[in-house]
Amino acid sequence: MPAFEPSSTLQLFDTHCHLDAAEFDAERDALVSAAHSVGVTRILVPSVCAANFDATLRMRQRYGCLLAFGLHPLYTPQHLDHHLALLESRLAHQHPVAVGEIGLDAFLPHSDLPAQEALFIEQLKLARQHDLPVILHMRRAADRVLKYLRRYPQAGGIAHAFNGSEQQAREFIRLGFKLGFGGAISYSGSLRIRALAATLPLSALVLETDAPDMRPQWAPGTANRPQNLARFAAILAQLRGVSVEEIARQTTGNAEQVFGLAALDPG
């Protein structure tokens, strides 16, 4: 097995990367090496359904990735009643750092929101039971997600791919959450998201790729890659008028705080 050691002086944390996706099957080793070469020292891989729990686990076994187990709202029709029991077993015995990717998705016209909400509630309860943070999917559903977080307070987490308002952002922060920014800030036309990334407290921000999804502006026709995190960090640094080293230090520290991890050795 190759050693995946970073060669950059940066220490970046990709807090959301579907490294187990089939799109990466032919080049996964090379992708991880490329990410490490630009300073991506930690990658968190969230699951989306019971069928990919084992694939997620293999990402830790081969690459040392951090894991989250959860049942994604977009796949609600595929989730069976016993999958919650399978999820609870993974949370209890396989040492994930979070429950995710979970949440609500109101984007598609025929979304079964009542079914999504019932599943979301049960997973919030599991997160509380196991004292784990949550990784939230909330496409066009931020206010609904906030309602359930107030009802079932959590041990923090990440509002993945944050695309809400400043008021919503500050409410997530008040509830102890960090906000995930990635590919969207690479688009010059994403004025609202770029403004939020530039002005919200840096202590509340984390970086993510969502690879292979959320493709950056410079590569709209290809799968997003974890190595793109370094360019997202540079864009965030430019938006905020600080060094990329400061962005790496702060966002990685924020992610480590969320997941209860020891800080990486700066030397």
# chains A, B, ... in the order shown; residues from 1 in each chain; ligands from 1
>>> closest_atom_pairs(of="region 155-252 of chain A", to="region 132-150 of chain A", cutoff="7 Å", atoms="only C-alpha atoms", output="CSV")
residue,atom,partner,partner_atom,distance
A:Ala155,CA,A:Pro133,CA,5.0
A:Gly156,CA,A:Pro133,CA,5.0
A:Gly157,CA,A:Pro133,CA,4.5
A:Ile158,CA,A:Ile135,CA,5.0
A:Ala159,CA,A:Leu136,CA,5.0
A:His160,CA,A:Leu136,CA,5.5
A:Gly164,CA,A:Ala142,CA,6.8
>>> select_by_dssp(residues="region 53-179 of chain A", states="strand (DSSP E or B)", output="ChimeraX atom specification")
/A:66-69,98-105,134-139,157-159,177-179
>>> closest_residue(among="A:Ala106, A:Arg249, A:Leu126, A:Phe162", to="Thr9 (chain A)", atoms="only C-alpha atoms")
A:Arg249
>>> select_by_dssp(residues="region 49-263 of chain A", states="alpha helix (DSSP H)", output="number ranges by chain")
A: 53-63, 81-93, 113-130, 142-151, 166-174, 191-199, 229-240, 244-259
>>> residues_around(residues="Gln217 (chain A)", least_positions_apart="4", cutoff="8 Å", atoms="only C-alpha atoms", output="VMD selection string")
chain A and resid 183 186 to 187
>>> closest_residue(among="A:Leu87, A:Ala237, A:Val206, A:Ala184", to="Asn224 (chain A)", atoms="only C-alpha atoms")
A:Ala184
>>> residues_around(residues="region 190-203 of chain A", least_positions_apart="2", cutoff="12 Å", atoms="only C-alpha atoms", output="MDAnalysis selection string")
chainID A and resid 161:174 176:188 205:207 216:217 232:233 235:242 246:258
>>> atom_distance(atom1="CA of Val99 (chain A)", atom2="CA of Ala211 (chain A)")
18.5 Å
>>> atom_distance(atom1="CA of Gly70 (chain A)", atom2="CA of Arg231 (chain A)")
28.4 Å
